Amino acid sequence: MFSNRMINILIPVLSVVLGLLSGAVIMLVFGYNPISGFAALWNGAFGDAYFFGETVRQVTPYILSGLAVAFALRSGLLNIGVEGQVFVGWLASVWVGISFDLPMVLHLPLAILAAAAAGAFWGFIPGLLKAKLGVHEVIVTIMMNYIALYSSNAIVRNFLSEEGDRTENIAETASLQSDWLAQMTFYSRIHYGFILALFMALVMWFVLNRTTRGFELRAVGFNQHASKYAGMSVGKNIILAMVISGAFAGLAGAMEGLGTFGFMSIKSGFTNIGFDGIAVALLGANTAVGVVFAAFLFGILKIGALNMPTEAGVPTELVEIIVALIIFFVASSYMIRWVILRFKKEGK
Amino acid sequence: MEFIEIISRILGSSIVFATPLIFTALGGVFSERSGVINIGLEGLMIMGAFVGIVFNLTFSSFFGDATPWVSILVAMIVSALFALVHAVASITFRADQVVSGVAINFLALGIGLFLTKQWYDKGQTDFVEKPFYTADVPFLNKIPIIGDMFFSGWYWTSYVAILLAFVAWFVIYKTPFGLRLRSVGEHPMAADTNGINVFKMRYIGVMISGALGGLGGSVYALTVALNFSHGTILGQGFISLAAVIFGKWHPLGALGAAIFFGFAQSLSIVSSDIAFLENVPSVFMLIAPYVLTILALAGFIGRAEAPKSLGEPYIKGNR
């Protein structure tokens with residue numbers, strides 16, 4: 001009854017349930033009605049076409065940033081730098097979007113590719129340092145996040161605007177926005193990016209599970225020494241994993257630049273798309289399908305939460321606490337596994 | 001005279017920014033020396049800042065002029081307890097320490113903002129009425145030059161931070177407790193064989209980091225920010241982590257690195273008044289700490305060796 005596969009699916013599901021339950025307890029403690037709180041959340045995510053459009057809009061970058069974290073994790077690397085890679089991707093896509101004058105068939109792909117390339121480059125540096133010098137990728141990627149934040153702010157201010165705090169809008173030919181989708185959803189900011197995001201999930205599944213390169217990447221993630229002994233180049237695979245991971249993250253940035261906003265503004269802090277990507281990847285057990293599901297869950301939570309203050313009086317920030325707790329529960333899967341196995345023993 | 005004035009201005013503003021980093025980085029040293037990665041320093045600082053501000057706002061009429069000192073003490077205690085979450089997850093439940101740390105960061109911000117909304121009904125708290133004030137050290141500030149540079153216009157907390165770095169050095173390198181702490185970070189099994197309780201030492205390490213992180217956060221809140229909002233602590237925890245590594249996991253190294261990063265942060269603010277730095281775009285000053293950390297890690301500035309078992313959960317009986 002409790003095969004390993006079952007447990008692997010049970011852990012994220014249980015974590016979500018525990019996270020939501022904790023949220024309910026917190027609401028009770030502070031004198032809110034948890035049922036109306038969660039009902040408000042549900043309405044905020046699915047209440048009408050507008051809310052649904054916004055939810056899909058939020059899910060789109062989450063899928064890509066989740067894929068970015070998951071891809072690196074499958075190769076045994078923790079890419080905390082998705083946040084920074086999102087920034088450089090966003091910047092690159094907007095830069096291409098405003099400075100070229102091309103027909104759409106060329107312009108849009110070029111803008112998307114630029115974002116992927118920028119993210120890939122931002123992932124390449126920590127990958128290279130890890131492969132050649134053994135520097136821990138976690139610290140380097142954290143540092144790269146801040147470098148990305150401050151540099152892109154400076155570039156927006158000094159080169160992409162006239163000392164202003166946002167760029168001009170990208171050209172129509174580079175935009176992912178769609179009047180048709182917007183009209184369908186009462187002018188939400190939903191855009192075509194979600195098709196690209198779902199397609200990239202397919203790409204990740206294919207690369208990891210159906211190609212030799214993907215096999216090598218996973219092998220390096222499982223056991224570097226064995227991979228080396230089998231004749232694989234560990235260093236090359238580490239760099240490649242970070243480059244692909246960075247490219248996914250860059251695409252997540254393009255979703256914001258070309259889809260949601262159509263410009264880039266100066267940011268006082270992080271967008272959290274990258275950090276939330278860590279949660280998405282963990283909850284999705286680092287698989288492409290899992291990431292898509294987890295991205296939907298977190299998208300629903302984030303967008304639905306915006307409706308909680310007006311409809312139930314519950315502060316939006318409750319969702320941040322729930323998300324953090326879900327991460328804790330998934331990370332502490334040893335405990336959940338232990339409880340499940342104990343049940344199994346007693347059941348016999 | 002002109003020159004000395006510039007130097008003491010730079011020194012003064014550097015130390016303001018460096019002080020919270022020193023506290024937090026020292027906390028990081030304790031945690032990481034015991035073998036537990038602490039990405040959650042940022043979250044611990046957020047918790048400290050939140051508690052420090054809220055306590056200060058609530059009890060300022062009761063404690064009077066002692067309020068800021070009591071506030072940072074309370075912030076220390078609460079953050080130490082908050083760090084227990086990280087300790088339980090990463091030591092007892094063998095969670096990935098980095099992931100648990102990331103969760104700590106989320107959780108601290110979530111709790112802080114949730115309660116701020118709950119208690120103040122808006123996105124940020126009011127400004128505190130009893131922050132720390134700069135002071136001159138009596139007698140010592142009369143010393144020519146040195147008095148101007150080091151003993152006038154500093155916060156008392158800055159002297160505490162510098163002193164604490166030396167205390168931490170003494171504790172980690174000169175006491176049996178420090179030896180045990182380092183041994184569980186280097187080779188927990190050997191330590192266990194020698195009768196040292198690995199779990200206990202690691203719990204203590206993480207809780208000290210919680211206390212010092214909370215101290216750092218509350219000192220930042222009560223000297224620089226003066227209120228709590230989502231942007232109060234913005235990366236200072238990560239810079240402190242960088243200082244831990246830049247300082248090669250040594251308390252005095254962390255002290256030096258934190259002062260340097262404080263200097264770099266303040267430069268981006270004061271550089272506009274200083275002739276030879278006027279033309280350097282501020283973005284270079286802003287990214288300098290991070291670039292330098294990467295260079296340090298890459299071995300360009302002397303190789304940094306992490307504690308051997310950093311990041312590995314200790315499982316009894318495993319080899």
# chains A, B, ... in the order shown; residues from 1 in each chain; ligands from 1
>>> interface_residues(of="chain A", to="chain B", cutoff="7 Å", atoms="only C-alpha atoms", output="list of chain:residue names")
A:Leu129, A:Leu133, A:Val135, A:Val140, A:Met143, A:Tyr146, A:Ile147, A:Tyr150, A:Ser151, A:Ala154, A:Pro315, A:Glu317, A:Leu318, A:Glu320, A:Ile321, A:Ala324, A:Ile327, A:Phe328, A:Ala331, A:Ser332, A:Tyr334, A:Met335
>>> select_by_dssp(residues="stretch 167-298 of chain B", states="helix (DSSP H, G or I)", output="PyMOL selection string")
chain B and resi 167-174+176-186+188-193+198-225+236-246+251-273+275-277+282-297
>>> atom_distance(atom1="atom CA of B:Ser14", atom2="atom CA of A:Asp165")
27.7 Å
>>> residues_around(residues="stretch 249-258 of chain B", least_positions_apart="4", cutoff="8 Å", atoms="only C-alpha atoms", output="list of chain:residue names")
B:Ala18, B:Thr19, B:Leu21, B:Ile22, B:Ala25, B:Leu26, B:Val29, B:Glu32, B:Arg33, B:Ile162, B:Ala165, B:Phe166, B:Ala168, B:Trp169, B:Ser240, B:Ala243, B:Val244, B:Ile245, B:Gly262, B:Ala306, B:Pro307
>>> write_last_selection(atoms="C-alpha atoms", output="PDB file, in the first residue's frame")
ATOM      1  CA  ALA B  18      28.608  47.594   9.886  1.00  0.00           C
ATOM      2  CA  THR B  19      27.307  47.142  13.427  1.00  0.00           C
ATOM      3  CA  LEU B  21      26.333  43.035  10.128  1.00  0.00           C
ATOM      4  CA  ILE B  22      28.939  42.308  12.812  1.00  0.00           C
ATOM      5  CA  ALA B  25      27.873  37.558  11.055  1.00  0.00           C
ATOM      6  CA  LEU B  26      29.104  36.464  14.486  1.00  0.00           C
ATOM      7  CA  VAL B  29      29.995  31.935  12.632  1.00  0.00           C
ATOM      8  CA  GLU B  32      28.271  27.328  10.694  1.00  0.00           C
ATOM      9  CA  ARG B  33      31.113  26.315  13.001  1.00  0.00           C
ATOM     10  CA  ILE B 162      33.344  45.079  18.274  1.00  0.00           C
ATOM     11  CA  ALA B 165      33.678  39.840  18.202  1.00  0.00           C
ATOM     12  CA  PHE B 166      36.628  39.450  20.563  1.00  0.00           C
ATOM     13  CA  ALA B 168      33.286  35.276  20.315  1.00  0.00           C
ATOM     14  CA  TRP B 169      36.895  34.682  19.292  1.00  0.00           C
ATOM     15  CA  SER B 240      26.329  39.004   6.894  1.00  0.00           C
ATOM     16  CA  ALA B 243      30.934  38.332   5.801  1.00  0.00           C
ATOM     17  CA  VAL B 244      31.066  34.946   7.532  1.00  0.00           C
ATOM     18  CA  ILE B 245      32.580  33.372   4.432  1.00  0.00           C
ATOM     19  CA  GLY B 262      29.583  48.428   6.041  1.00  0.00           C
ATOM     20  CA  ALA B 306      34.510  25.815   5.294  1.00  0.00           C
ATOM     21  CA  PRO B 307      34.043  23.574   8.327  1.00  0.00           C
TER      22      PRO B 307
END
>>> closest_residue(among="B:Ser34, B:Thr58, B:Ile315, B:Gly52", to="B:Tyr120", atoms="only C-alpha atoms")
B:Thr58
>>> atom_distance(atom1="atom CA of B:Met201", atom2="atom CA of B:Ile72")
24.7 Å
>>> atom_distance(atom1="atom CA of B:Ile259", atom2="atom CA of B:Pro20")
9.9 Å
>>> residues_around(residues="B:Thr67", least_positions_apart="5", cutoff="10 Å", atoms="only C-alpha atoms", output="ChimeraX atom specification")
/B:52,55-62,72-73,129-132
>>> closest_residue(among="A:Ala201, A:Leu91, A:Leu240, A:Leu64", to="A:Val220", atoms="only C-alpha atoms")
A:Leu240
>>> residues_around(residues="A:Ala281", least_positions_apart="5", cutoff="7 Å", atoms="only C-alpha atoms", output="number ranges by chain")
A: 66-67, 69-70, 286, 291
>>> write_last_selection(atoms="N, CA and C atoms", output="JSON list (two decimals), in the first residue's frame")
[["chain", "number", "residue", "atom", "x", "y", "z"],
["A", 66, "GLY", "N", 10.15, 27.49, -11.29],
["A", 66, "GLY", "CA", 10.16, 26.17, -10.65],
["A", 66, "GLY", "C", 10.97, 25.17, -11.45],
["A", 67, "LEU", "N", 10.80, 25.20, -12.78],
["A", 67, "LEU", "CA", 11.57, 24.31, -13.64],
["A", 67, "LEU", "C", 13.05, 24.60, -13.49],
["A", 69, "VAL", "N", 14.73, 25.81, -10.88],
["A", 69, "VAL", "CA", 15.27, 25.25, -9.64],
["A", 69, "VAL", "C", 15.31, 23.73, -9.72],
["A", 70, "ALA", "N", 14.21, 23.15, -10.26],
["A", 70, "ALA", "CA", 14.12, 21.70, -10.32],
["A", 70, "ALA", "C", 15.20, 21.10, -11.21],
["A", 286, "ASN", "N", 10.70, 18.05, -7.93],
["A", 286, "ASN", "CA", 11.68, 18.25, -9.00],
["A", 286, "ASN", "C", 11.33, 17.55, -10.31],
["A", 291, "VAL", "N", 6.12, 20.18, -10.98],
["A", 291, "VAL", "CA", 6.34, 21.63, -10.96],
["A", 291, "VAL", "C", 5.11, 22.36, -11.48]]
>>> closest_residue(among="B:Ile7, B:Thr223, B:Ala87, B:Phe260", to="B:Pro313", atoms="only C-alpha atoms")
B:Ala87
>>> closest_residue(among="A:Tyr192, A:Tyr50, A:Phe329, A:Phe159", to="A:Thr260", atoms="only C-alpha atoms")
A:Tyr192
>>> residues_around(residues="A:Ala171", least_positions_apart="3", cutoff="6 Å", atoms="only C-alpha atoms", output="list of chain:residue names")
A:Gly97, A:Ile98, A:Ala174
>>> residues_around(residues="A:Asn8", least_positions_apart="5", cutoff="10 Å", atoms="only C-alpha atoms", output="list in words")
Phe2, Ser3, Val13, Gly284, Ala285, Ser333 and Arg337 of chain A
